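What follows is a set of notes on a single structure, which appears directly below.
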Amino acid sequence: PAVAATAFSGTDLRLNDPSSDQPPATTQSETAIEACGETRIAAWNDSGSAASSSFTGYARSGDGGVTWTDRGHFPGLTGSDPALASDSACRFYFSAATFAGGCSRIGVVRSDDGGLTWSAPANASPDVSCDNFQDKETIEVDATAGPHAGNVYVCWDDRGSSEIRVRFSRSTDGGRTFSGPLTVAQVLMNEAMWDFSISPRRELGRLQTARISIPFDWIEGEPYTIDVISGTGIRHR
């Protein structure tokens, strides 16, 4: 059946302050926007922030998007690809590709006051190779009232020389720290360390799987306990 289309009209608003541009570099691209209550945060790749060693800018509205103020760049983040999210308490989270210690990383900052101020960046891509380029991230927060409320989730491309891997990390402390990939370090058979092989690799990202082979004289019907120890010392049975 035919679906009627609804037309919307309104006044276009310029959110960025063009006086901060540095011609011929006048880029504002890859925009993102997030709303919570009457607060709106918009972010974009911004050549005007280059003077602050950044490439992301943002604007804020406190009246539902009627008026906006260009608030410059996000502190401590040098890269691009802006993404935004908010939780049920209207805490805003911003993520971007960035550089830290000479390595490509995914950075996350948080605002508890509706985008007026932001935290120091957290590394959402711990334990990734410094040889790889971290790119095209997205961020989301569990804004439900469920058991995982407030968890922050980040997903991105980990671009190596021979493959591109999709990475995922999670924060359970409000974006202060993020989980790294799990590495299988040891296998225990009936509480004893045992040789094993694993394919395709020992390092597993979120939701990734691997096959562990254990050379053992199995006896049908006998009970066994098998424990996998991660690189951080956590036991999985």
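Residues in the structure tokens are numbered from 1 in each chain, the chains being A, B, ... in the order shown, and ligands are numbered from 1 in the order shown.
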
For A:Ala124, find every residue with an atom within 8 Å (counting only C-alpha atoms), except residues of its own chain fewer than 2 positions away, and show them as a JSON list (two decimals) with all heavy atoms, in the first residue's frame.
```json
[["chain", "number", "residue", "atom", "x", "y", "z"],
["A", 105, "ARG", "N", 44.45, 5.18, 18.97],
["A", 105, "ARG", "CA", 43.56, 4.67, 20.01],
["A", 105, "ARG", "C", 42.13, 5.19, 19.77],
["A", 105, "ARG", "O", 41.91, 6.10, 18.98],
["A", 105, "ARG", "CB", 44.03, 5.12, 21.39],
["A", 105, "ARG", "CG", 45.38, 4.54, 21.80],
["A", 105, "ARG", "CD", 45.27, 3.06, 22.10],
["A", 105, "ARG", "NE", 46.51, 2.48, 22.58],
["A", 105, "ARG", "CZ", 47.30, 1.70, 21.85],
["A", 105, "ARG", "NH1", 46.97, 1.44, 20.58],
["A", 105, "ARG", "NH2", 48.39, 1.17, 22.35],
["A", 106, "ILE", "N", 41.17, 4.62, 20.50],
["A", 106, "ILE", "CA", 39.81, 5.14, 20.55],
["A", 106, "ILE", "C", 39.64, 5.80, 21.91],
["A", 106, "ILE", "O", 39.78, 5.16, 22.95],
["A", 106, "ILE", "CB", 38.76, 4.04, 20.37],
["A", 106, "ILE", "CG1", 38.95, 3.33, 19.02],
["A", 106, "ILE", "CG2", 37.36, 4.63, 20.47],
["A", 106, "ILE", "CD1", 38.80, 4.22, 17.81],
["A", 107, "GLY", "N", 39.36, 7.09, 21.92],
["A", 107, "GLY", "CA", 39.23, 7.85, 23.16],
["A", 107, "GLY", "C", 37.76, 8.13, 23.48],
["A", 107, "GLY", "O", 36.95, 8.31, 22.57],
["A", 108, "VAL", "N", 37.45, 8.16, 24.77],
["A", 108, "VAL", "CA", 36.09, 8.46, 25.23],
["A", 108, "VAL", "C", 36.17, 9.50, 26.35],
["A", 108, "VAL", "O", 36.98, 9.36, 27.28],
["A", 108, "VAL", "CB", 35.38, 7.20, 25.75],
["A", 108, "VAL", "CG1", 34.04, 7.56, 26.40],
["A", 108, "VAL", "CG2", 35.14, 6.21, 24.62],
["A", 122, "ALA", "N", 39.42, 8.54, 28.33],
["A", 122, "ALA", "CA", 39.69, 7.14, 28.67],
["A", 122, "ALA", "C", 40.02, 6.39, 27.40],
["A", 122, "ALA", "O", 39.50, 6.71, 26.32],
["A", 122, "ALA", "CB", 38.47, 6.52, 29.35],
["A", 126, "PRO", "N", 42.08, -0.67, 24.87],
["A", 126, "PRO", "CA", 43.30, -1.14, 25.52],
["A", 126, "PRO", "C", 43.83, -2.41, 24.87],
["A", 126, "PRO", "O", 43.06, -3.20, 24.32],
["A", 126, "PRO", "CB", 42.84, -1.41, 26.96],
["A", 126, "PRO", "CG", 41.39, -1.72, 26.83],
["A", 126, "PRO", "CD", 40.89, -0.84, 25.72],
["A", 154, "VAL", "N", 31.61, 0.32, 23.08],
["A", 154, "VAL", "CA", 32.28, 0.95, 21.95],
["A", 154, "VAL", "C", 32.68, -0.14, 20.96],
["A", 154, "VAL", "O", 33.18, -1.20, 21.36],
["A", 154, "VAL", "CB", 33.53, 1.73, 22.39],
["A", 154, "VAL", "CG1", 34.23, 2.37, 21.19],
["A", 154, "VAL", "CG2", 33.15, 2.82, 23.40],
["A", 169, "SER", "N", 34.55, -3.12, 23.06],
["A", 169, "SER", "CA", 34.96, -3.02, 24.46],
["A", 169, "SER", "C", 33.79, -2.50, 25.28],
["A", 169, "SER", "O", 32.86, -1.89, 24.75],
["A", 169, "SER", "CB", 36.19, -2.12, 24.63],
["A", 169, "SER", "OG", 35.89, -0.78, 24.28],
["A", 170, "ARG", "N", 33.86, -2.73, 26.58],
["A", 170, "ARG", "CA", 32.77, -2.38, 27.47],
["A", 170, "ARG", "C", 33.31, -1.70, 28.71],
["A", 170, "ARG", "O", 34.38, -2.05, 29.21],
["A", 170, "ARG", "CB", 32.00, -3.64, 27.88],
["A", 170, "ARG", "CG", 30.85, -3.40, 28.85],
["A", 170, "ARG", "CD", 30.24, -4.70, 29.33],
["A", 170, "ARG", "NE", 31.15, -5.46, 30.17],
["A", 170, "ARG", "CZ", 30.80, -6.52, 30.89],
["A", 170, "ARG", "NH1", 29.55, -6.96, 30.83],
["A", 170, "ARG", "NH2", 31.67, -7.16, 31.64],
["A", 177, "THR", "N", 37.10, 3.26, 32.63],
["A", 177, "THR", "CA", 37.99, 2.21, 32.10],
["A", 177, "THR", "C", 37.19, 1.30, 31.18],
["A", 177, "THR", "O", 35.96, 1.19, 31.30],
["A", 177, "THR", "CB", 38.60, 1.37, 33.24],
["A", 177, "THR", "OG1", 37.54, 0.73, 33.97],
["A", 177, "THR", "CG2", 39.42, 2.23, 34.19],
["A", 178, "PHE", "N", 37.90, 0.63, 30.28],
["A", 178, "PHE", "CA", 37.26, -0.25, 29.31],
["A", 178, "PHE", "C", 37.98, -1.60, 29.28],
["A", 178, "PHE", "O", 39.18, -1.68, 29.51],
["A", 178, "PHE", "CB", 37.27, 0.37, 27.91],
["A", 178, "PHE", "CG", 36.27, 1.48, 27.74],
["A", 178, "PHE", "CD1", 36.57, 2.76, 28.17],
["A", 178, "PHE", "CD2", 35.04, 1.24, 27.16],
["A", 178, "PHE", "CE1", 35.65, 3.78, 28.03],
["A", 178, "PHE", "CE2", 34.11, 2.25, 27.01],
["A", 178, "PHE", "CZ", 34.41, 3.54, 27.45],
["A", 179, "SER", "N", 37.19, -2.63, 28.96],
["A", 179, "SER", "CA", 37.75, -3.98, 28.89],
["A", 179, "SER", "C", 38.62, -4.13, 27.66],
["A", 179, "SER", "O", 38.39, -3.51, 26.63],
["A", 179, "SER", "CB", 36.61, -5.00, 28.82],
["A", 179, "SER", "OG", 35.82, -4.79, 27.65]]
```

**Request:** Write out as a count of residues only each polymer residue whose atoms come within 7 Å of A:Val228, counting only C-alpha atoms; drop sequence neighbours fewer than 4 positions from it.
**Result:** 7

Set out as a tab-separated table a contact list for stretch 60-155 of chain A and stretch 16-21 of chain A with a cut-off of 10 Å, giving each residue of stretch 60-155 of chain A that qualifies its closest atom pair and distance in Å to one decimal, counting only C-alpha atoms, ordered by chain and rising residue number.
```
residue	atom	partner	partner_atom	distance
A:Trp68	CA	A:Asn16	CA	8.7
A:Thr69	CA	A:Asn16	CA	7.7
A:Asp70	CA	A:Asn16	CA	5.3
A:Arg71	CA	A:Asn16	CA	8.6
A:Gly72	CA	A:Asn16	CA	8.5
```

**Request:** Extract the full set of strand (DSSP E) residues from stretch 134-212 of chain A according to DSSP on the backbone, and format it as a PyMOL selection string.
**Result:** chain A and resi 134-141+152-159+164-171+182-189+192-194+197-199+203-204+211-212

**Item:** Residue nearest A:Thr144 among A:Ala89, A:Ala50, A:Ala4, A:Ala185 (counting only C-alpha atoms)
**Value:** A:Ala89

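Proximity of A:Phe196, A:Tyr224, A:Phe74, A:Phe216 to A:Ser95, computed with only C-alpha atoms, is greatest for A:Phe74.
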
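Here atom CA of A:Phe168 and atom CA of A:Gly146 stand 20.7 Å from one another.
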
**Prompt:** In Å, how far is it from atom CA of A:Gly160 to atom CA of A:Cys103?
**Reply:** 12.9 Å

As a PDB file with all heavy atoms, in the first residue's frame, please: every residue in stretch 42-236 of chain A that a backbone DSSP assignment puts in helix (DSSP H, G or I).
```pdb
ATOM      1  N   SER A  47      38.203  21.389  11.234  1.00  0.00           N
ATOM      2  CA  SER A  47      39.543  21.917  10.976  1.00  0.00           C
ATOM      3  C   SER A  47      39.826  23.154  11.818  1.00  0.00           C
ATOM      4  O   SER A  47      40.980  23.490  12.080  1.00  0.00           O
ATOM      5  CB  SER A  47      39.705  22.255   9.489  1.00  0.00           C
ATOM      6  OG  SER A  47      38.751  23.239   9.092  1.00  0.00           O
ATOM      7  N   GLY A  48      38.770  23.814  12.298  1.00  0.00           N
ATOM      8  CA  GLY A  48      38.973  24.992  13.130  1.00  0.00           C
ATOM      9  C   GLY A  48      39.569  24.674  14.481  1.00  0.00           C
ATOM     10  O   GLY A  48      40.061  25.571  15.176  1.00  0.00           O
ATOM     11  N   SER A  49      39.523  23.393  14.881  1.00  0.00           N
ATOM     12  CA  SER A  49      40.115  22.994  16.157  1.00  0.00           C
ATOM     13  C   SER A  49      41.574  22.605  16.032  1.00  0.00           C
ATOM     14  O   SER A  49      42.208  22.243  17.026  1.00  0.00           O
ATOM     15  CB  SER A  49      39.316  21.817  16.750  1.00  0.00           C
ATOM     16  OG  SER A  49      37.996  22.202  17.040  1.00  0.00           O
ATOM     17  N   ALA A  50      42.112  22.676  14.813  1.00  0.00           N
ATOM     18  CA  ALA A  50      43.502  22.255  14.591  1.00  0.00           C
ATOM     19  C   ALA A  50      44.488  23.082  15.406  1.00  0.00           C
ATOM     20  O   ALA A  50      45.543  22.589  15.819  1.00  0.00           O
ATOM     21  CB  ALA A  50      43.844  22.335  13.110  1.00  0.00           C
ATOM     22  N   ALA A  51      44.143  24.343  15.666  1.00  0.00           N
ATOM     23  CA  ALA A  51      45.037  25.190  16.462  1.00  0.00           C
ATOM     24  C   ALA A  51      45.182  24.654  17.882  1.00  0.00           C
ATOM     25  O   ALA A  51      46.148  24.962  18.579  1.00  0.00           O
ATOM     26  CB  ALA A  51      44.522  26.622  16.486  1.00  0.00           C
ATOM     27  N   SER A  52      44.227  23.828  18.320  1.00  0.00           N
ATOM     28  CA  SER A  52      44.283  23.210  19.647  1.00  0.00           C
ATOM     29  C   SER A  52      44.726  21.758  19.566  1.00  0.00           C
ATOM     30  O   SER A  52      44.481  20.974  20.485  1.00  0.00           O
ATOM     31  CB  SER A  52      42.902  23.286  20.313  1.00  0.00           C
ATOM     32  OG  SER A  52      42.461  24.617  20.425  1.00  0.00           O
TER      33      SER A  52
END
```

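Atom CA of A:Met193 lies 13.8 Å from atom CA of A:Ser213.
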
With a distance cut-off of 10 Å and only C-alpha atoms, select the neighbouring residues of A:Ser88, excluding the residue or stretch itself and same-chain residues fewer than 6 positions from it, and output the selection as a PDB file with all heavy atoms, in the first residue's frame.
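The result, stored in result16.pdb:
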```
ATOM      1  N   CYS A  36      19.162  14.679  25.067  1.00  0.00           N
ATOM      2  CA  CYS A  36      18.651  14.146  26.331  1.00  0.00           C
ATOM      3  C   CYS A  36      17.985  15.299  27.072  1.00  0.00           C
ATOM      4  O   CYS A  36      18.639  16.319  27.349  1.00  0.00           O
ATOM      5  CB  CYS A  36      19.763  13.537  27.176  1.00  0.00           C
ATOM      6  SG  CYS A  36      19.150  12.606  28.615  1.00  0.00           S
ATOM      7  N   GLY A  37      16.697  15.156  27.364  1.00  0.00           N
ATOM      8  CA  GLY A  37      15.969  16.282  27.936  1.00  0.00           C
ATOM      9  C   GLY A  37      15.963  17.442  26.960  1.00  0.00           C
ATOM     10  O   GLY A  37      15.742  17.274  25.765  1.00  0.00           O
ATOM     11  N   VAL A 141      25.246   3.652  25.078  1.00  0.00           N
ATOM     12  CA  VAL A 141      25.113   3.475  26.520  1.00  0.00           C
ATOM     13  C   VAL A 141      23.776   2.801  26.807  1.00  0.00           C
ATOM     14  O   VAL A 141      22.759   3.146  26.191  1.00  0.00           O
ATOM     15  CB  VAL A 141      25.177   4.828  27.266  1.00  0.00           C
ATOM     16  CG1 VAL A 141      25.171   4.606  28.773  1.00  0.00           C
ATOM     17  CG2 VAL A 141      26.408   5.617  26.860  1.00  0.00           C
ATOM     18  N   ASP A 142      23.785   1.851  27.739  1.00  0.00           N
ATOM     19  CA  ASP A 142      22.532   1.219  28.159  1.00  0.00           C
ATOM     20  C   ASP A 142      21.758   2.207  29.026  1.00  0.00           C
ATOM     21  O   ASP A 142      22.122   2.468  30.172  1.00  0.00           O
ATOM     22  CB  ASP A 142      22.840  -0.061  28.939  1.00  0.00           C
ATOM     23  CG  ASP A 142      21.583  -0.876  29.238  1.00  0.00           C
ATOM     24  OD1 ASP A 142      20.486  -0.288  29.267  1.00  0.00           O
ATOM     25  OD2 ASP A 142      21.705  -2.094  29.443  1.00  0.00           O
ATOM     26  N   ALA A 143      20.698   2.760  28.461  1.00  0.00           N
ATOM     27  CA  ALA A 143      19.886   3.761  29.159  1.00  0.00           C
ATOM     28  C   ALA A 143      18.609   3.159  29.727  1.00  0.00           C
ATOM     29  O   ALA A 143      17.683   3.885  30.088  1.00  0.00           O
ATOM     30  CB  ALA A 143      19.544   4.910  28.216  1.00  0.00           C
ATOM     31  N   THR A 144      18.553   1.827  29.815  1.00  0.00           N
ATOM     32  CA  THR A 144      17.384   1.176  30.374  1.00  0.00           C
ATOM     33  C   THR A 144      17.485   1.127  31.898  1.00  0.00           C
ATOM     34  O   THR A 144      18.465   1.583  32.489  1.00  0.00           O
ATOM     35  CB  THR A 144      17.247  -0.261  29.833  1.00  0.00           C
ATOM     36  OG1 THR A 144      18.294  -1.081  30.405  1.00  0.00           O
ATOM     37  CG2 THR A 144      17.371  -0.277  28.315  1.00  0.00           C
ATOM     38  N   ALA A 145      16.503   0.511  32.525  1.00  0.00           N
ATOM     39  CA  ALA A 145      16.532   0.292  33.970  1.00  0.00           C
ATOM     40  C   ALA A 145      16.926  -1.145  34.281  1.00  0.00           C
ATOM     41  O   ALA A 145      16.721  -1.631  35.392  1.00  0.00           O
ATOM     42  CB  ALA A 145      15.174   0.605  34.578  1.00  0.00           C
ATOM     43  N   ALA A 149      22.293  -1.361  33.171  1.00  0.00           N
ATOM     44  CA  ALA A 149      22.096   0.086  33.014  1.00  0.00           C
ATOM     45  C   ALA A 149      23.388   0.840  33.268  1.00  0.00           C
ATOM     46  O   ALA A 149      24.097   0.569  34.237  1.00  0.00           O
ATOM     47  CB  ALA A 149      21.014   0.565  33.973  1.00  0.00           C
ATOM     48  N   GLY A 150      23.691   1.773  32.392  1.00  0.00           N
ATOM     49  CA  GLY A 150      24.886   2.591  32.538  1.00  0.00           C
ATOM     50  C   GLY A 150      26.124   2.026  31.879  1.00  0.00           C
ATOM     51  O   GLY A 150      27.144   2.730  31.774  1.00  0.00           O
TER      52      GLY A 150
END
```

**Message:** With only C-alpha atoms as the counted atoms, please give the residues lying no more than 8 Å from A:Glu137, apart from itself and same-chain residues fewer than 6 positions off, as a PyMOL selection string.
**Reply:** chain A and resi 81+83+95-97+106+154-157

Write out the residues from the selection above, keeping all heavy atoms, as a short mmCIF file (atom, residue, chain, number, x, y, z; two decimals), in the first residue's frame.
```cif
data_model
loop_
_atom_site.label_atom_id
_atom_site.label_comp_id
_atom_site.auth_asym_id
_atom_site.auth_seq_id
_atom_site.Cartn_x
_atom_site.Cartn_y
_atom_site.Cartn_z
N ASP A 81 36.26 11.29 13.49
CA ASP A 81 35.18 10.31 13.53
C ASP A 81 34.34 10.46 14.80
O ASP A 81 34.26 9.54 15.63
CB ASP A 81 35.72 8.88 13.44
CG ASP A 81 36.43 8.60 12.14
OD1 ASP A 81 36.30 9.42 11.21
OD2 ASP A 81 37.12 7.58 12.05
N ALA A 83 31.43 10.44 17.61
CA ALA A 83 30.23 9.67 17.93
C ALA A 83 29.77 10.07 19.32
O ALA A 83 30.59 10.34 20.20
CB ALA A 83 30.51 8.17 17.85
N SER A 95 33.02 9.86 21.75
CA SER A 95 34.17 9.03 21.37
C SER A 95 34.71 9.49 20.03
O SER A 95 33.97 10.04 19.19
CB SER A 95 33.78 7.55 21.29
OG SER A 95 32.85 7.33 20.25
N ALA A 96 36.01 9.27 19.84
CA ALA A 96 36.67 9.64 18.59
C ALA A 96 37.95 8.85 18.44
O ALA A 96 38.54 8.39 19.43
CB ALA A 96 36.98 11.15 18.56
N ALA A 97 38.36 8.66 17.19
CA ALA A 97 39.71 8.15 16.94
C ALA A 97 40.71 9.20 17.40
O ALA A 97 40.51 10.40 17.18
CB ALA A 97 39.88 7.85 15.46
N ILE A 106 41.17 4.62 20.50
CA ILE A 106 39.81 5.14 20.55
C ILE A 106 39.64 5.80 21.91
O ILE A 106 39.78 5.16 22.95
CB ILE A 106 38.76 4.04 20.37
CG1 ILE A 106 38.95 3.33 19.02
CG2 ILE A 106 37.36 4.63 20.47
CD1 ILE A 106 38.80 4.22 17.81
N VAL A 154 31.61 0.32 23.08
CA VAL A 154 32.28 0.95 21.95
C VAL A 154 32.68 -0.14 20.96
O VAL A 154 33.18 -1.20 21.36
CB VAL A 154 33.53 1.73 22.39
CG1 VAL A 154 34.23 2.37 21.19
CG2 VAL A 154 33.15 2.82 23.40
N CYS A 155 32.46 0.11 19.69
CA CYS A 155 32.82 -0.83 18.62
C CYS A 155 33.57 -0.05 17.55
O CYS A 155 33.23 1.10 17.25
CB CYS A 155 31.56 -1.47 18.06
SG CYS A 155 31.85 -2.81 16.88
N TRP A 156 34.59 -0.69 16.94
CA TRP A 156 35.41 0.04 15.96
C TRP A 156 36.19 -0.94 15.09
O TRP A 156 36.20 -2.15 15.33
CB TRP A 156 36.37 1.00 16.66
CG TRP A 156 37.52 0.33 17.38
CD1 TRP A 156 38.79 0.12 16.91
CD2 TRP A 156 37.49 -0.24 18.70
NE1 TRP A 156 39.54 -0.53 17.86
CE2 TRP A 156 38.78 -0.75 18.96
CE3 TRP A 156 36.52 -0.34 19.69
CZ2 TRP A 156 39.11 -1.37 20.17
CZ3 TRP A 156 36.83 -0.96 20.88
CH2 TRP A 156 38.10 -1.47 21.12
N ASP A 157 36.88 -0.41 14.06
CA ASP A 157 37.76 -1.18 13.19
C ASP A 157 39.19 -1.11 13.72
O ASP A 157 39.70 -0.02 14.00
CB ASP A 157 37.77 -0.62 11.76
CG ASP A 157 36.47 -0.88 11.02
OD1 ASP A 157 35.67 -1.70 11.50
OD2 ASP A 157 36.27 -0.26 9.96
#
```

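Among A:Asp158, A:Asn190, A:Leu204, A:Phe92, the residue with the shortest atom-to-atom distance to A:Ile226, counting only C-alpha atoms, is A:Asn190.
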